[in-house]
Amino acid sequence: MTLAMDKSSITFLNRPPASNLQPLSINPSPHHAWKRIAKWKVSYTNACIDCGLCVLACPYGVHRRLEGTLKMAQPQNAECIGVPCEKIHPDNFCVKQCPFDAITVTPNPEFDMLGDARYSADLMASLWHMAETGLPPPEHLYERRVGNSGGGFDQLRFRFKKTPHEQPSANDLLEINIGIDLNKRPTGPKIRIPVPWYGGGMSYGSVSLNVMKARAMAAMAWDTFTSTGEGGYPQELTPWKDHVITQVATGMFGVREETIGWARIVEIKYAQGAKPGLGGHLLSDKNTPDVSRMREAVAFTSLFSPFPFHSVYSVEDHKKHVDWLSAVGRSVRSLSDRFKHTAPDILVSAKVSTPGDVDMVAVGCYYGGVNIVHLDGGYGGTGAAPNIAKKNIAMPIEYAIPKVHRFLKEEGIRDEITLIASGGIRNAWDMAKAIALGADGCVIGTSDIIALNCTRCGNCDKGRGCQHGIASTDEVFAQQIDPEWGAQRIQNLYNAFSLDLRLICWRLGLKNIQELRGRYDLMYHMGNQGSD
Amino acid sequence: MTARFHRYRIATRNAPLTAAPIFRTIVNRADFCINCGICQSACPYDVHERQVASLELRVSSPKTSAPDSLSSNPQPLSWLDVPKMADPKSHNCTNCFHCVNECPVGALSLSGNPDFHTQGDDFYKTEAITAVIFEADSGRVPVSGAGYRGPFAGEGFDGIWTDMSEIVRPTRDGIHGREWISTAVTLGRRPKWALINQSEAPANIEIGIPMIFNAADLPAVPPELLDWILKASLETQTLTLARAPIGKEPWKNPSAVLSSADASLPEYFSSLKISELDLTGRAPDQWLDCWRQRKKHNPKALLIVKAPLDTRLVKTYGQLALAGVETLHLRGSWRGLALCGKHLTDALRLIDDHLIDAGVRDEITLIVSGGITAAEHVPKTLLCGADVVALDLAVLMALGATRFDSSGKTLKLTGPWLPPDPKIAAQRLKNLLGSWRDQLLEILGAMGMRDVQRTAGETGRMLLNEELDKEFRGLFSPAQAADDPRYG
C-alpha cells in the first residue's frame, strides 16, 4: 500500500468509531447552527402527562426531557424517521407506545419547499445530516442515493453482491482502497489522493474568502485538493497551497507566474458545464474592491470572461498552452527558495465541457500533454449563468463519461490519462456511478456548498450575493461563515462520502475502487426493466 | 439589401405588469413571534419589515427612560415604541430559508402558495409562464446562480441539447463578440443561381430576427390586442400575421401580414407586398390550385402559405415547394404537436429531410408556429429545420394571461385576465423579443455560429436525448429481478 493510502486510513482512523464524532463542536454560535428542516413533524397534544415512555422508546432521540425537569422538551423533529417507523421499529414507534395517544407524527409541509428535481429535499437534507454528523443518515430517514430527475444517475442502480442486511465490519471497510492517482503518465510527479474526488473551482468573487479557506482546510485534512476558480489566487490561501489547484481561465484574472508556481496542479478551464460556450459571469455588485484588485479590474463593474481562449484555436495551440504552464510552474518552483524541497514539476488539468465531440476533445487534450482531463457536464453548478445555458447546451455528464472512456480505450491511451467527471455529481453514490461509467474520479462543488448551509435558492448572482454568506463577497454577509466551522462541516461530509463509497465497494465485492472503473456489468438501468 | 451598415437592436426597458405577481412561497409568521427583527436583517429581499409607526403613536408613547440632559438629540425610540413586524411580503420571497433558520424562536415557516399551481393548464406549468412574464417585464436574459434544477430530459423540445464547440474558429468572442452575430433572416423564395437581372428577383423581405408574431390564431380579446402586437412588430421591424379582413386599416402598417383563407379578397390586397393564404380548413388536394389562384391575383407579392404541420403531408409540402411556393407556414398545435401526434421537433425534422431529398429546401422559407413558448424553443425549432418561428401563445403569456386551456384547436381563456396597461403592452412584447434574441445569441455564440440562417436544419449541431439515451442504455444488460433486495 502506498503512503497515500495510509494517510487515508489515518484520516479514517482518526474518526472511528465515527459515531463518537462530535457534531458541530466548533463555535456553535447562533449564526452557525443550521437547523435542518425536518421531514416529519412530531407534536404532543394536551393529553401528554410527561410520562417519558416515548423517551425510552425512540431509538433516534427525538423525544427528550427538558434538562433538569420532568417536562418534555420540544421534539427533535429532524431526527424522526416518521411514519415508516411503525413498520421498521414496531416496538419502538412512539405514537403506538404512548399510553394516552398524545403523540402525532405528520409530514412537515415545509420540507416540501426544499429542493428540486436534481437535488431532492431528501438529498439535500441527507447532505446536511452528513455535514453535521460525519455519517450517512439512517437508511430510513432520507432517500440519500438518488434524486428525482428521472434520468442519468437517478435511473442507475448497482447490482450488489450482498444484501442490505449484511453489515460490514470496520475492518472490512478499512481494507478497501478508494484512492486514485492523478498522474498516470510515466513522467512527472506522482500525486495520489486517498479519496476519488477533489473540490471544483469556485472563484474569489463568486464565493467569499472564508468559503475558499474552509474548502482548502477540508482539502488538506483529507489530503485532496480544491481549486481557486477563475478569480485569482488570494495570498491568504497559501498556507494550504499544496492542496489548492490554480485555475487558469479565459479571463486570466489574477494569473501570475507566482500563482502558477504555488500549485502542484494547474487547471486550464476551457469551458464550464453550467454555461458551456460562455465565459464566466461576475455581476457588478459582487465585484467588490477586494475582488477587483485580485482580478485587476474596475470595482463594481460586471466581469464577463471571454470565450474561448483567444490563444487556443487548435490542439497545437492547446499544447503550447500546456507547455507554457508547465514551464512557468517548473521555473518558478525551481528558482524560488520557497519550493526548494518540493518537486519542481506540476500537473496540468484541462477542464472541458461536454459537446457532441467530447471524445475528440479529450484525445486532443491528451496529445497536448495534460495529465488530467476534467469533463464538466451540463448540469453542473455555477454562481451565475443564463438559465437557457444551464439546461440546453451540451450533454449531461452521464452520457459523456462512457463516450470518452471507451474512446480513450480504443485509442490505447486510457491508462495514461486521469479522467475526472464533474457537473451534477451530488454525493458518493453519484461518484461511484460516475466511476463505474468510466471515470477515474470526480470533482464536487455543490455538495461542499450545501454542507455550508446552501439551500440552492439560486440568488448567488443577485445584489451582494448569497444571504447565507456563501456565494457572497459582501463583508457583512461573508462573516456568517467561519472558516474553521465550514472546514469541519466539509470534512464531516467527506467522511460520510468515504464511508458510503467504501460501503458500495464492499457490497459490490471490490477491494479497490479502481476496479470499479468502466464496470457497466455492475449496474443496471431502471428504464431497461421489463425489456428482457 | 441595403449597403448601409445597420446594427439591429431592440430597445428594451422595464415594463412590469400591474397585476399581482405570481409567487411560489408563502412565509408564515406564527403569533409567538417576539418581534426581535432578526428576520429583517436576515432577508435582503424585504420580505420582513416592521409596520410603519403612526405619528400619533410616537407622540403619545410614554418615555421610558429619563431625558438625556447632556445631549440635545431627541431620544431614540424605546423598545416599547418599536412597531411590531408587519405581515411578511411573501411575493418577494426567494425560498432561501435564511429567515427560518435565523429566527430565534422558530416562529417563521415557509409553505407552498396554493395559487401558484392554478396558473396555466395541465400542459403549461406556472414556472414556464412566469419565465415569459419575467422576460416581458424586463427584457433581460434570466440569470441565476446554482445549477440546473429540472428533470434530466423530456420529450420534444426537452429532448434536445444544442451542441457547443470547445475551441472554435475565431468567429465568436462570447459576450464580447455578440454584435457580430447576425440574426437577420430573409423570407421568400431563394433562387438557386445568381441573378444577372435584379428585376427578376423574387419578392422577399428581410427581418432582423427569426421571430414573427402570429396573431391570426389568437382569441380577439381584448380588442386592442392586435394593435399592441402590430406596434411591437413595427418597432422591432418584424412581421405580424393577422386575420383579414380587419378594421382600422392595419394594412397601412408595413409589418402587418394579412392572413386570409378566401380567394375573393378585399381590394386592398392587390396593393400588399406580402400576405398569407390560410389553407388550414381545406383538403390537401385543393392546396395547389388554391395557391395558384391566389398567386395570380397579385403575382409580385410575397405569399405565405399556411398549412397544418403533419408528417403525413410531407409529399404535399414538397409539391407546393416544387410548384413555386416561396414561404410555407407550418402550424402545430398549441402544445407543440403535429397533427399526426408527433412532437413539433420530430415532425419538423422529417419534413425538412423530405424537402432536402426533393431538392427544394434551400429555395423556400419555412415558418413554424405552435407551442413555441420559451426562449430555448427558438434555436431548437431552427435547428430542426425552421427558418423563422411565429409566436402566439407566448404573446398572451407575456401580456399576463396566465389561465388558459391549450388542449383544443382554439385557445380558450379560462380565468380572469387583467390585460396590461395599454401604454406598456407593446413594450412588453418588445422586451420578450429582445430577451429571446439575446438568449438566441447565447446559443449561437456557444455553437460558434455567426449567422442564424445557417442554423436552419443544422441537425448536426444538436444532441438528441433519444439517440444518446439509447446508446447509454445499451451499455447495461437488461435488469434481472428488480425486486432483488441486493439491488439498490
# chains A, B, ... in the order shown; residues from 1 in each chain; ligands from 1

$ residues_around --residues "Thr446 (chain A)" --least-positions-apart "3" --cutoff "7 Å" --atoms "only C-alpha atoms" --output "VMD selection string"
chain A and resid 381 449 to 450

$ residues_around --residues "Ala153 (chain B)" --least-positions-apart "3" --cutoff "10 Å" --atoms "only C-alpha atoms" --output "PyMOL selection string"
(chain A and resi 149-152+391-392+396) or (chain B and resi 150+156-161+464-466+469)

$ residues_around --residues "region 94-109 of chain A" --least-positions-apart "2" --cutoff "6 Å" --atoms "only C-alpha atoms" --output "list in words"
Lys39, Trp40, Lys41, Val42, Ser43, Tyr44, Thr45, Ala47, Cys48, Cys54, Asn92, Phe111 and Asp112 of chain A

$ residues_around --residues "region 402-410 of chain B" --least-positions-apart "6" --cutoff "7 Å" --atoms "only C-alpha atoms" --output "PyMOL selection string"
chain B and resi 119-121+129+334-335

$ select_by_dssp --residues "region 192-247 of chain A" --states "strand (DSSP E)" --output "list in words"
Arg192, Ile193, Trp197, Tyr198, Gly199, Thr226, Ser227, Val244, Ile245, Thr246 and Gln247 of chain A

$ closest_residue --among "A:Phe497, A:Trp128, A:Phe307, A:Tyr367" --to "chain B" --atoms "only C-alpha atoms"
A:Phe307

$ closest_residue --among "B:Pro210, B:Gly434, B:Pro254, B:Gly154" --to "chain A" --atoms "only C-alpha atoms"
B:Gly154

$ residues_around --residues "His129 (chain A)" --least-positions-apart "5" --cutoff "9 Å" --atoms "only C-alpha atoms" --output "PyMOL selection string"
chain A and resi 36+124+134-137+451+493

$ select_by_dssp --residues "region 94-215 of chain A" --states "helix (DSSP H, G or I)" --output "PyMOL selection string"
chain A and resi 94-97+109-113+121-133+152-155+170-174+209-215

$ residues_around --residues "region 314-327 of chain A" --least-positions-apart "5" --cutoff "9 Å" --atoms "only C-alpha atoms" --output "PyMOL selection string"
(chain A and resi 257+260+266+268+332+345-350+361+364-365+367-370) or (chain B and resi 167-169)

$ write_last_selection --atoms "all heavy atoms" --output "compact mmCIF listing (two decimals), in the first residue's frame"
# COMPACT_ATOMS: atom_id res chain seq x y z
N GLU A 257 2.81 34.51 -12.58
CA GLU A 257 3.76 33.40 -12.58
C GLU A 257 3.82 32.77 -11.20
O GLU A 257 3.89 31.56 -11.05
CB GLU A 257 5.14 33.90 -13.00
CG GLU A 257 5.18 34.26 -14.47
CD GLU A 257 6.58 34.56 -14.95
OE1 GLU A 257 7.49 34.66 -14.09
OE2 GLU A 257 6.76 34.70 -16.16
N ILE A 260 0.96 30.42 -10.42
CA ILE A 260 1.10 29.13 -11.10
C ILE A 260 2.13 28.28 -10.35
O ILE A 260 1.96 27.08 -10.20
CB ILE A 260 1.51 29.35 -12.57
CG1 ILE A 260 0.38 30.04 -13.32
CG2 ILE A 260 1.88 28.04 -13.25
CD1 ILE A 260 0.74 30.50 -14.71
N VAL A 266 -2.15 22.68 -11.99
CA VAL A 266 -2.77 23.85 -12.61
C VAL A 266 -3.87 23.35 -13.53
O VAL A 266 -3.70 22.36 -14.25
CB VAL A 266 -1.73 24.68 -13.39
CG1 VAL A 266 -2.42 25.80 -14.16
CG2 VAL A 266 -0.70 25.28 -12.45
N ILE A 268 -6.55 24.23 -16.51
CA ILE A 268 -6.94 25.16 -17.57
C ILE A 268 -8.44 25.01 -17.76
O ILE A 268 -8.92 23.92 -18.08
CB ILE A 268 -6.27 24.84 -18.91
CG1 ILE A 268 -4.76 24.67 -18.74
CG2 ILE A 268 -6.56 25.90 -19.93
CD1 ILE A 268 -4.07 24.16 -19.99
N VAL A 332 9.32 28.64 -11.77
CA VAL A 332 9.04 29.35 -10.51
C VAL A 332 9.40 28.46 -9.34
O VAL A 332 10.05 28.89 -8.38
CB VAL A 332 7.55 29.75 -10.43
CG1 VAL A 332 7.22 30.29 -9.05
CG2 VAL A 332 7.22 30.77 -11.49
N ASP A 345 8.13 19.89 -10.94
CA ASP A 345 7.13 19.76 -12.00
C ASP A 345 5.71 19.85 -11.45
O ASP A 345 5.44 19.45 -10.33
CB ASP A 345 7.31 18.41 -12.71
CG ASP A 345 8.46 18.47 -13.69
OD1 ASP A 345 8.64 19.55 -14.30
OD2 ASP A 345 9.19 17.48 -13.82
N ILE A 346 4.84 20.36 -12.30
CA ILE A 346 3.44 20.45 -11.90
C ILE A 346 2.61 19.58 -12.84
O ILE A 346 3.05 19.23 -13.93
CB ILE A 346 2.93 21.91 -11.93
CG1 ILE A 346 3.07 22.50 -13.34
CG2 ILE A 346 3.65 22.77 -10.92
CD1 ILE A 346 2.34 23.80 -13.51
N LEU A 347 1.41 19.24 -12.37
CA LEU A 347 0.47 18.54 -13.24
C LEU A 347 -0.45 19.56 -13.89
O LEU A 347 -0.74 20.60 -13.31
CB LEU A 347 -0.37 17.54 -12.44
CG LEU A 347 0.35 16.42 -11.72
CD1 LEU A 347 -0.67 15.43 -11.18
CD2 LEU A 347 1.32 15.71 -12.65
N VAL A 348 -0.90 19.24 -15.09
CA VAL A 348 -1.83 20.14 -15.77
C VAL A 348 -3.12 19.39 -16.03
O VAL A 348 -3.12 18.23 -16.47
CB VAL A 348 -1.23 20.68 -17.09
CG1 VAL A 348 -2.22 21.61 -17.76
CG2 VAL A 348 0.07 21.40 -16.83
N SER A 349 -4.22 20.08 -15.70
CA SER A 349 -5.54 19.50 -15.93
C SER A 349 -6.27 20.39 -16.94
O SER A 349 -6.10 21.60 -16.93
CB SER A 349 -6.30 19.46 -14.61
OG SER A 349 -7.68 19.47 -14.83
N ALA A 350 -7.05 19.78 -17.80
CA ALA A 350 -7.87 20.58 -18.73
C ALA A 350 -9.33 20.35 -18.41
O ALA A 350 -9.80 19.21 -18.42
CB ALA A 350 -7.58 20.17 -20.18
N VAL A 361 -12.28 15.86 -28.15
CA VAL A 361 -11.71 16.91 -27.32
C VAL A 361 -10.77 16.28 -26.29
O VAL A 361 -9.67 16.77 -26.06
CB VAL A 361 -12.83 17.72 -26.63
CG1 VAL A 361 -12.26 18.66 -25.58
CG2 VAL A 361 -13.63 18.50 -27.66
N GLY A 364 -7.61 15.19 -27.87
CA GLY A 364 -6.82 16.39 -28.17
C GLY A 364 -6.12 16.90 -26.92
O GLY A 364 -4.94 17.26 -26.95
N CYS A 365 -6.85 16.88 -25.80
CA CYS A 365 -6.26 17.32 -24.54
C CYS A 365 -5.07 16.43 -24.18
O CYS A 365 -4.03 16.91 -23.76
CB CYS A 365 -7.28 17.26 -23.41
SG CYS A 365 -8.51 18.54 -23.51
N TYR A 367 -3.13 14.67 -26.18
CA TYR A 367 -1.96 14.91 -27.02
C TYR A 367 -1.32 16.26 -26.73
O TYR A 367 -0.15 16.47 -27.03
CB TYR A 367 -2.32 14.75 -28.50
CG TYR A 367 -2.45 13.29 -28.86
CD1 TYR A 367 -3.68 12.72 -29.15
CD2 TYR A 367 -1.33 12.46 -28.85
CE1 TYR A 367 -3.80 11.37 -29.42
CE2 TYR A 367 -1.44 11.11 -29.11
CZ TYR A 367 -2.67 10.57 -29.40
OH TYR A 367 -2.78 9.24 -29.65
N GLY A 368 -2.08 17.16 -26.15
CA GLY A 368 -1.49 18.43 -25.72
C GLY A 368 -0.61 18.25 -24.50
O GLY A 368 0.12 19.16 -24.14
N GLY A 369 -0.71 17.11 -23.85
CA GLY A 369 0.20 16.84 -22.73
C GLY A 369 -0.39 16.99 -21.35
O GLY A 369 0.35 17.02 -20.38
N VAL A 370 -1.71 17.09 -21.23
CA VAL A 370 -2.26 17.24 -19.88
C VAL A 370 -2.25 15.90 -19.17
O VAL A 370 -2.19 14.84 -19.79
CB VAL A 370 -3.69 17.81 -19.90
CG1 VAL A 370 -3.74 19.14 -20.61
CG2 VAL A 370 -4.67 16.83 -20.51
N ILE B 167 -13.04 24.60 -28.62
CA ILE B 167 -12.09 25.59 -29.11
C ILE B 167 -12.47 25.81 -30.55
O ILE B 167 -12.52 24.88 -31.34
CB ILE B 167 -10.61 25.12 -28.98
CG1 ILE B 167 -10.43 23.70 -29.50
CG2 ILE B 167 -10.15 25.21 -27.56
CD1 ILE B 167 -8.99 23.25 -29.52
N VAL B 168 -12.81 26.99 -30.87
CA VAL B 168 -13.52 27.19 -32.13
C VAL B 168 -12.84 28.17 -33.05
O VAL B 168 -11.89 28.84 -32.68
CB VAL B 168 -14.93 27.70 -31.85
CG1 VAL B 168 -15.79 26.60 -31.33
CG2 VAL B 168 -14.86 28.86 -30.92
N ARG B 169 -13.40 28.23 -34.23
CA ARG B 169 -12.99 29.22 -35.21
C ARG B 169 -13.06 30.61 -34.57
O ARG B 169 -13.91 30.84 -33.73
CB ARG B 169 -13.96 29.17 -36.40
CG ARG B 169 -14.11 27.80 -36.95
CD ARG B 169 -15.43 27.68 -37.68
NE ARG B 169 -16.57 27.70 -36.78
CZ ARG B 169 -16.93 26.70 -36.00
NH1 ARG B 169 -16.24 25.59 -35.99
NH2 ARG B 169 -17.97 26.79 -35.21

$ closest_residue --among "B:Pro284, B:Gly188, B:Pro114, B:Gly332" --to "Thr25 (chain B)" --atoms "only C-alpha atoms"
B:Pro114

$ residues_around --residues "His48 (chain B)" --least-positions-apart "2" --cutoff "8 Å" --atoms "only C-alpha atoms" --output "list in words"
Cys39, Gln40, Cys43, Asp46, Arg50, Met85, Ala86, Asp87, Pro88 and Lys89 of chain B
